[in-house]
Structures are given as structure tokens and as C-alpha cells.
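Below is one structure, written out as C-alpha cells, with a few remarks after it.
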Amino acid sequence: MNQIGVALIGTGMWGRRLAPAVKQTASLRLVTCYSRNAQKCAAFAAEFECEAAASFEAAITHPGVRAVLLLTPNNTHAEQALACAQLGKHVFVEKPIADTLSDGRKIRDACQAAGVVLLVGHAFRRLGAARKVKQLLDDGRLGTILLAEANFSLPGLLTPDKWRFYRDTCPGGPLMQLGIHHADTLHYWLGPVTRVRGSFARVATAAEIDDVGLALLEFAGGARGSLASAYGVTKTFYLRLFGTAASLHYQTDMSIWPQADQMDAATTLTLHSDAGRETIDFNPRNMLLEELAEFASCIRGEAAPETGAAEALAALEVVRGAIASYETGQIYAMEQG
């Protein structure tokens with residue numbers, strides 16, 4: 001199999017999670033990397049046995065690179081993705097696709113016009129636990145879903161040198177960075193959100209951003225949901241579904257975070273019904289390996305992205321809708337497109 005050469009842009013925490021997954025994906029080869037800190041970039045390149053590019057342009061124009069992994073601040077995604085598309089490079093961009101819907105649509109349109117693959121890193125729906133919940137829903141084990149509750153929160157020790165510290169580079173704070181994962185998973189399970197109401201507050205953080213965000217969701221199927229995220233609290237990750245036949249509690253011991261490959265091993269699924277409490281078994285999966293293998297398959301023309309532009313924009317609109325609702329005091333109706 002001919003390996004697909006990739007450039008990895010952004011050698012921070014998530015870059016250090018994706019690089020080992022690239023190395024384990026037989027169809028991909030890590031050719032080069034780039035970050036603004038030349039010293040850190042060189043150290044990353046030495047650790048993961050690739051070249052350290054002198055600039056973003058040098059990385060994406062490297063003759064051995066066919067695809068680019070963008071693991072960079074949200075507000076840089078559009079400019080970088082468009083540059084990649086113009087060169088005919090396939091694009092993997094970590095979620096959110098962008099920090100505005102207009103930029104997200106620009107990325108979608110540019111990749112479509114260039115005929116390159118666009119895959120967005122909404123990896124959490126690929127976990128074995130999430131796949132099992134989808135199966136339970138499809139099998140009718142929960143009946144009709146009435147209510148969903150989801151929370152993804154972290155300590156979020158933000159300092160002024162971090163782009164997540166500032167409102168203009170991290171609108172929505174933890175809801176944009178963390179809650180958007182659950183927005184995608186809930187869409188995968190329950191279908192599209194039609195309306196959202198948001199609430200945000202800056203309670204304890206020294207950062208500019210709000211440290212707590214809440215979105216109240218209305219799903220097309222009639223269910224209601226709450227999606228919450230906070231910085232400055234203990235690591236928290238759960239989703240709960242309440243149906244007419246049973247309720248499902250999805251809980252992860254996040255003491256393992258950010259070791260994403262251990263998520264399923266730290267997760268329990270519990271079904272509650274009139275028959276009692278049942279622990280649901282599932283097959284663990286490595287969400288990072290799966291999304292990268294899918295990216296390679298899409299580049300080879302063997303598959304279509306599961307989390308492409310449409311899915312990424314739907315998740316982003318939940319967060320942007322919550323922000324718009326909070327700013328206007330009105331319920332936000334989703335545009336969906």
C-alpha cells in the first residue's frame with residue numbers, strides 16, 4: 001500500500017495525541033510538522049521522526065505531502081484550510097471546523113471546489129461506547145427519547161499566553177472547545193437540533209472567556225436536551241438519555257484525560273428500566289486511529305467522511321446559536337446549512 005504523506009500543523013497537546021495515531025496508521029506517513037515555536041517544533045519532529053518545517057507554507061508545499069492535519073487555534077482554520085485546498089491538499093481539521101459559521105462554510109466550499117477531502121475531527125462519536133448507544137437506540141431499547149443531558153468540563157488552567165484565554169479567539173469558551181463534542185454525538189444519536197437557548201457566565205476564571213456555558217436544545221424529533229461545559233472544575237464527561245422504555249447513563253472516568261486512547265476503557269454504560277439496572281458491554285475502539293484510517297480511505301476514494309462539513313457545521317451552529325441566543329435574549333432557530 002502506498003502511504004499518504006501528511007503534514008501536521010500544531011504540535012501542542014492534541015498534536016501530541018494525533019502524531020502517535022498517524023504513526024500507527026499503516027496508510028499514512030508523517031512527513032513534516034510545523035508550529036510557531038521553532039524549538040518545540042524541532043523537538044516534536046525528533047520525537048516523531050519527521051521533518052521540522054520552517055514555515056506553514058513550507059510544510060504544506062512539501063513534495064511528499066498529500067494531506068494536512070490542522071490542529072491549530074480555531075480562528076486560524078479558515079485561512080489555513082483554504083491555503084491547503086488551493087494547493088490540492090486533502091484537509092483534516094480538528095473540531096470545531098472554525099469559530100464562525102461563515103468561515104466553516106468557506107472551508108466547505110473551498111474543499112468542494114478543489115475536489116479534496118475535508119474531514120473534521122469530531123472523534124468522540126467513534127468511541128465504542130458511543131457506537132453501542134447508537135445501536136441501542138436503533139434497536140428501540142430506550143423507546144422514545146424525551147430528554148438528553150450532557151456535560152464535558154475540565155479544569156482549564158488558562159494563562160494569557162494561551163489562545164483559549166481570549167474571547168476573540170475562543171468565543172463560547174468551554175462550550176466551543178468541549179461541549180461541541182457532545183453536540184456532535186447527540187446529533188449522531190438523536191438527529192438535528194432545531195432550536196437552542198444559551199446561557200454563559202464568567203464566574204471564577206482569570207481569563208477573558210466565560211468559564212461556563214449552557215445550551216438548552218430542542219431536537220427535530222421532539223426531545224429536549226441540556227448541554228453544559230465549564231472550565232475550572234473537576235474533569236467531567238457524561239451523557240444521559242431518558243426514554244419511555246429505559247434511561248441510559250454514559251459515564252467516563254476522566255482521570256485518564258488527555259489519554260484519548262483510554263476513553264472506552266474508562267467508560268461505563270448503564271441501562272435503567274423497570275426490569276432493573278443493567279451494565280451494557282461494548283467493544284472498545286480507538287477513536288483517533290479510526291478517524292485517521294477513515295481520512296486515508298476517503299483520500300483513496302474508498303469512503304466518504306462520516307464527520308464532514310455538514311456534521312461539523314451542525315455541531316458548530318449549536319454553539320454559535322447558544323451564543324446568539326444569550327446575546328439577544330431570544331431562542332435561536334437553526335439555519336442548517
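Numbering starts fresh at 1 for the residues of each chain in the C-alpha cells, the chains themselves are lettered A, B, ... in the order given, and ligands are numbered from 1 as they appear.
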Output as a PyMOL selection string all residues of stretch 139-308 of chain A that backbone DSSP marks as alpha helix (DSSP H). chain A and resi 173-174+180-190+287-299
Selection export as a PDB file, in the first residue's frame, atoms kept: N, CA and C atoms:
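Output contents, as saved in part_31.pdb:
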ATOM      1  N   GLY A 173     -16.024  29.905  24.867  1.00  0.00           N
ATOM      2  CA  GLY A 173     -15.240  29.265  25.918  1.00  0.00           C
ATOM      3  C   GLY A 173     -15.333  27.749  25.905  1.00  0.00           C
ATOM      4  N   PRO A 174     -15.591  27.137  27.054  1.00  0.00           N
ATOM      5  CA  PRO A 174     -15.607  25.676  27.120  1.00  0.00           C
ATOM      6  C   PRO A 174     -16.716  25.027  26.301  1.00  0.00           C
ATOM      7  N   ILE A 180     -18.894  21.093  22.247  1.00  0.00           N
ATOM      8  CA  ILE A 180     -19.162  20.824  20.832  1.00  0.00           C
ATOM      9  C   ILE A 180     -18.978  19.349  20.494  1.00  0.00           C
ATOM     10  N   HIS A 181     -18.132  18.656  21.249  1.00  0.00           N
ATOM     11  CA  HIS A 181     -18.005  17.197  21.069  1.00  0.00           C
ATOM     12  C   HIS A 181     -19.352  16.519  21.322  1.00  0.00           C
ATOM     13  N   HIS A 182     -19.988  16.881  22.433  1.00  0.00           N
ATOM     14  CA  HIS A 182     -21.284  16.290  22.762  1.00  0.00           C
ATOM     15  C   HIS A 182     -22.365  16.737  21.788  1.00  0.00           C
ATOM     16  N   ALA A 183     -22.256  17.973  21.288  1.00  0.00           N
ATOM     17  CA  ALA A 183     -23.227  18.432  20.289  1.00  0.00           C
ATOM     18  C   ALA A 183     -23.223  17.506  19.086  1.00  0.00           C
ATOM     19  N   ASP A 184     -22.032  17.103  18.651  1.00  0.00           N
ATOM     20  CA  ASP A 184     -21.946  16.181  17.518  1.00  0.00           C
ATOM     21  C   ASP A 184     -22.476  14.802  17.876  1.00  0.00           C
ATOM     22  N   THR A 185     -22.108  14.286  19.041  1.00  0.00           N
ATOM     23  CA  THR A 185     -22.568  12.947  19.428  1.00  0.00           C
ATOM     24  C   THR A 185     -24.086  12.907  19.579  1.00  0.00           C
ATOM     25  N   LEU A 186     -24.672  13.942  20.180  1.00  0.00           N
ATOM     26  CA  LEU A 186     -26.127  13.974  20.327  1.00  0.00           C
ATOM     27  C   LEU A 186     -26.815  14.049  18.968  1.00  0.00           C
ATOM     28  N   HIS A 187     -26.241  14.797  18.032  1.00  0.00           N
ATOM     29  CA  HIS A 187     -26.792  14.846  16.673  1.00  0.00           C
ATOM     30  C   HIS A 187     -26.733  13.464  16.028  1.00  0.00           C
ATOM     31  N   TYR A 188     -25.615  12.775  16.212  1.00  0.00           N
ATOM     32  CA  TYR A 188     -25.437  11.415  15.702  1.00  0.00           C
ATOM     33  C   TYR A 188     -26.490  10.470  16.277  1.00  0.00           C
ATOM     34  N   TRP A 189     -26.798  10.619  17.540  1.00  0.00           N
ATOM     35  CA  TRP A 189     -27.761   9.731  18.194  1.00  0.00           C
ATOM     36  C   TRP A 189     -29.213  10.123  17.921  1.00  0.00           C
ATOM     37  N   LEU A 190     -29.514  11.411  18.038  1.00  0.00           N
ATOM     38  CA  LEU A 190     -30.913  11.859  18.115  1.00  0.00           C
ATOM     39  C   LEU A 190     -31.378  12.678  16.920  1.00  0.00           C
ATOM     40  N   MET A 287     -10.640   6.001  18.945  1.00  0.00           N
ATOM     41  CA  MET A 287     -11.309   6.965  18.087  1.00  0.00           C
ATOM     42  C   MET A 287     -10.335   7.706  17.180  1.00  0.00           C
ATOM     43  N   LEU A 288      -9.108   7.921  17.635  1.00  0.00           N
ATOM     44  CA  LEU A 288      -8.141   8.650  16.821  1.00  0.00           C
ATOM     45  C   LEU A 288      -7.649   7.795  15.661  1.00  0.00           C
ATOM     46  N   LEU A 289      -7.360   6.534  15.927  1.00  0.00           N
ATOM     47  CA  LEU A 289      -6.955   5.638  14.849  1.00  0.00           C
ATOM     48  C   LEU A 289      -8.065   5.499  13.812  1.00  0.00           C
ATOM     49  N   GLU A 290      -9.302   5.429  14.281  1.00  0.00           N
ATOM     50  CA  GLU A 290     -10.421   5.225  13.355  1.00  0.00           C
ATOM     51  C   GLU A 290     -10.644   6.441  12.467  1.00  0.00           C
ATOM     52  N   GLU A 291     -10.550   7.645  13.029  1.00  0.00           N
ATOM     53  CA  GLU A 291     -10.788   8.813  12.187  1.00  0.00           C
ATOM     54  C   GLU A 291      -9.661   9.008  11.172  1.00  0.00           C
ATOM     55  N   LEU A 292      -8.437   8.674  11.547  1.00  0.00           N
ATOM     56  CA  LEU A 292      -7.324   8.809  10.616  1.00  0.00           C
ATOM     57  C   LEU A 292      -7.375   7.743   9.530  1.00  0.00           C
ATOM     58  N   ALA A 293      -7.750   6.520   9.906  1.00  0.00           N
ATOM     59  CA  ALA A 293      -7.912   5.475   8.896  1.00  0.00           C
ATOM     60  C   ALA A 293      -9.020   5.852   7.917  1.00  0.00           C
ATOM     61  N   GLU A 294     -10.088   6.453   8.428  1.00  0.00           N
ATOM     62  CA  GLU A 294     -11.182   6.902   7.562  1.00  0.00           C
ATOM     63  C   GLU A 294     -10.700   8.016   6.630  1.00  0.00           C
ATOM     64  N   PHE A 295      -9.908   8.930   7.163  1.00  0.00           N
ATOM     65  CA  PHE A 295      -9.357  10.014   6.347  1.00  0.00           C
ATOM     66  C   PHE A 295      -8.576   9.440   5.163  1.00  0.00           C
ATOM     67  N   ALA A 296      -7.735   8.448   5.444  1.00  0.00           N
ATOM     68  CA  ALA A 296      -6.956   7.823   4.381  1.00  0.00           C
ATOM     69  C   ALA A 296      -7.862   7.126   3.370  1.00  0.00           C
ATOM     70  N   SER A 297      -8.892   6.442   3.848  1.00  0.00           N
ATOM     71  CA  SER A 297      -9.829   5.760   2.942  1.00  0.00           C
ATOM     72  C   SER A 297     -10.547   6.758   2.050  1.00  0.00           C
ATOM     73  N   CYS A 298     -10.901   7.905   2.616  1.00  0.00           N
ATOM     74  CA  CYS A 298     -11.572   8.936   1.820  1.00  0.00           C
ATOM     75  C   CYS A 298     -10.639   9.475   0.735  1.00  0.00           C
ATOM     76  N   ILE A 299      -9.381   9.679   1.085  1.00  0.00           N
ATOM     77  CA  ILE A 299      -8.412  10.174   0.106  1.00  0.00           C
ATOM     78  C   ILE A 299      -8.254   9.178  -1.034  1.00  0.00           C
TER      79      ILE A 299
END
Need to verify the contact set: stretch 147-162 of chain A, 8 Å, only C-alpha atoms, exclusion of same-chain residues closer than 2 positions in sequence. Can you return it as JSON, numbers by chain? {"A": [145, 164, 165, 166, 174, 178, 179, 182, 206, 207, 223, 224, 225, 226, 227, 228, 229, 230, 231, 232, 233, 234, 235, 236, 237, 238, 239, 240, 241, 242, 243]}
Tell me, as an MDAnalysis selection string, which residues lie within 12 Å of A:Pro96, counting only C-alpha atoms; anything in the same chain fewer than 5 positions away does not count. chainID A and resid 70:78 101 103:104 107 119:123 170:172 174:184 307:309 311:320
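Taking only C-alpha atoms, the non-local environment of A:Ala7 within 10 Å (same-chain residues fewer than 4 positions away omitted) comprises Arg29, Leu30, Val31, Thr32, Cys33, Tyr34, Cys50, Glu51, Ala52, Ala53, Phe56, Ala58, Ala59, Ile60, Thr61, His62, Gly64, Val65, Arg66, Ala67, Val68, Leu69, Leu70 and Lys89 of chain A.
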Pairwise distance for atom CA of A:Asp211 and atom CA of A:Gly321, rounded to one decimal in Å: 17.6 Å
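With distances restricted to only C-alpha atoms, A:Ile323 is the closest residue to A:Arg167 from A:Ile323, A:Thr244, A:Val116, A:His90.
Across A:Gly5, A:Gly276, A:Pro305, A:Pro284, the tightest approach to A:Arg131 is made by A:Pro284 when counting only C-alpha atoms.
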Test item, strand (DSSP E) assignment across stretch 210-312 of chain A, answer as a PyMOL selection string: chain A and resi 212-219+224-230+236-243+247-252+267-273+276-280
Would you output that residue set with C-alpha atoms, as a PDB file, in the first residue's frame?
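The result, stored in result.pdb:
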ATOM      1  CA  VAL A 212     -19.349  28.202  31.987  1.00  0.00           C
ATOM      2  CA  GLY A 213     -21.694  27.666  29.056  1.00  0.00           C
ATOM      3  CA  LEU A 214     -25.097  26.038  28.836  1.00  0.00           C
ATOM      4  CA  ALA A 215     -27.243  25.254  25.804  1.00  0.00           C
ATOM      5  CA  LEU A 216     -30.866  24.116  26.034  1.00  0.00           C
ATOM      6  CA  LEU A 217     -31.688  22.106  22.929  1.00  0.00           C
ATOM      7  CA  GLU A 218     -34.823  21.248  21.005  1.00  0.00           C
ATOM      8  CA  PHE A 219     -34.428  18.270  18.676  1.00  0.00           C
ATOM      9  CA  ARG A 224     -35.274  18.292  24.756  1.00  0.00           C
ATOM     10  CA  GLY A 225     -31.681  18.423  25.939  1.00  0.00           C
ATOM     11  CA  SER A 226     -29.171  20.275  28.065  1.00  0.00           C
ATOM     12  CA  LEU A 227     -25.534  20.636  27.084  1.00  0.00           C
ATOM     13  CA  ALA A 228     -23.122  22.126  29.605  1.00  0.00           C
ATOM     14  CA  SER A 229     -19.393  22.766  29.837  1.00  0.00           C
ATOM     15  CA  ALA A 230     -17.173  24.563  32.313  1.00  0.00           C
ATOM     16  CA  THR A 236     -16.260  15.542  33.862  1.00  0.00           C
ATOM     17  CA  PHE A 237     -17.644  13.615  30.893  1.00  0.00           C
ATOM     18  CA  TYR A 238     -21.109  12.127  30.766  1.00  0.00           C
ATOM     19  CA  LEU A 239     -24.185  11.781  28.569  1.00  0.00           C
ATOM     20  CA  ARG A 240     -27.597  10.642  29.767  1.00  0.00           C
ATOM     21  CA  LEU A 241     -30.608   9.702  27.693  1.00  0.00           C
ATOM     22  CA  PHE A 242     -34.086   9.311  29.168  1.00  0.00           C
ATOM     23  CA  GLY A 243     -36.562   7.314  27.113  1.00  0.00           C
ATOM     24  CA  SER A 247     -32.702   5.501  30.529  1.00  0.00           C
ATOM     25  CA  LEU A 248     -29.039   5.219  29.606  1.00  0.00           C
ATOM     26  CA  HIS A 249     -26.149   6.628  31.618  1.00  0.00           C
ATOM     27  CA  TYR A 250     -22.804   7.023  29.817  1.00  0.00           C
ATOM     28  CA  GLN A 251     -20.045   7.934  32.278  1.00  0.00           C
ATOM     29  CA  THR A 252     -16.290   8.221  31.746  1.00  0.00           C
ATOM     30  CA  THR A 267     -16.306   4.289  30.405  1.00  0.00           C
ATOM     31  CA  THR A 268     -19.365   2.529  31.775  1.00  0.00           C
ATOM     32  CA  LEU A 269     -22.771   2.260  30.122  1.00  0.00           C
ATOM     33  CA  THR A 270     -25.696   1.576  32.417  1.00  0.00           C
ATOM     34  CA  LEU A 271     -29.275   0.934  31.320  1.00  0.00           C
ATOM     35  CA  HIS A 272     -32.024   1.641  33.853  1.00  0.00           C
ATOM     36  CA  SER A 273     -35.527   0.255  33.306  1.00  0.00           C
ATOM     37  CA  GLY A 276     -33.646  -3.122  36.933  1.00  0.00           C
ATOM     38  CA  ARG A 277     -30.136  -1.876  36.307  1.00  0.00           C
ATOM     39  CA  GLU A 278     -28.058  -3.449  33.532  1.00  0.00           C
ATOM     40  CA  THR A 279     -24.425  -2.807  32.692  1.00  0.00           C
ATOM     41  CA  ILE A 280     -24.055  -2.753  28.921  1.00  0.00           C
TER      42      ILE A 280
END
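Using only C-alpha atoms, the smallest distance between any of A:Phe282, A:Tyr332, A:Phe200, A:Phe92 and A:Ala265 comes from A:Phe282.
Picture a line from atom CA of A:Asp274 to atom CA of A:Leu137; it runs 17.4 Å.
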Pairwise distance, atom CA of A:Glu208 with atom CA of A:Arg105, equals 27.1 Å
Counting only C-alpha atoms, closest pick from A:Lys40, A:Lys134, A:Arg141, A:Arg125 relative to A:Met13 is A:Lys40
Find the residues around A:Ala266 up to 7 Å (only C-alpha atoms counted), leave out those fewer than 3 positions away in its own chain, and share them as a ChimeraX atom specification. /A:252-253,262-263
Take the residues just selected and output them with C-alpha atoms as a compact mmCIF listing (two decimals), in the first residue's frame.
# COMPACT_ATOMS: atom_id res chain seq x y z
CA THR A 252 -16.29 8.22 31.75
CA ASP A 253 -13.67 8.41 34.49
CA GLN A 262 -8.07 5.08 27.06
CA MET A 263 -11.53 6.66 26.92
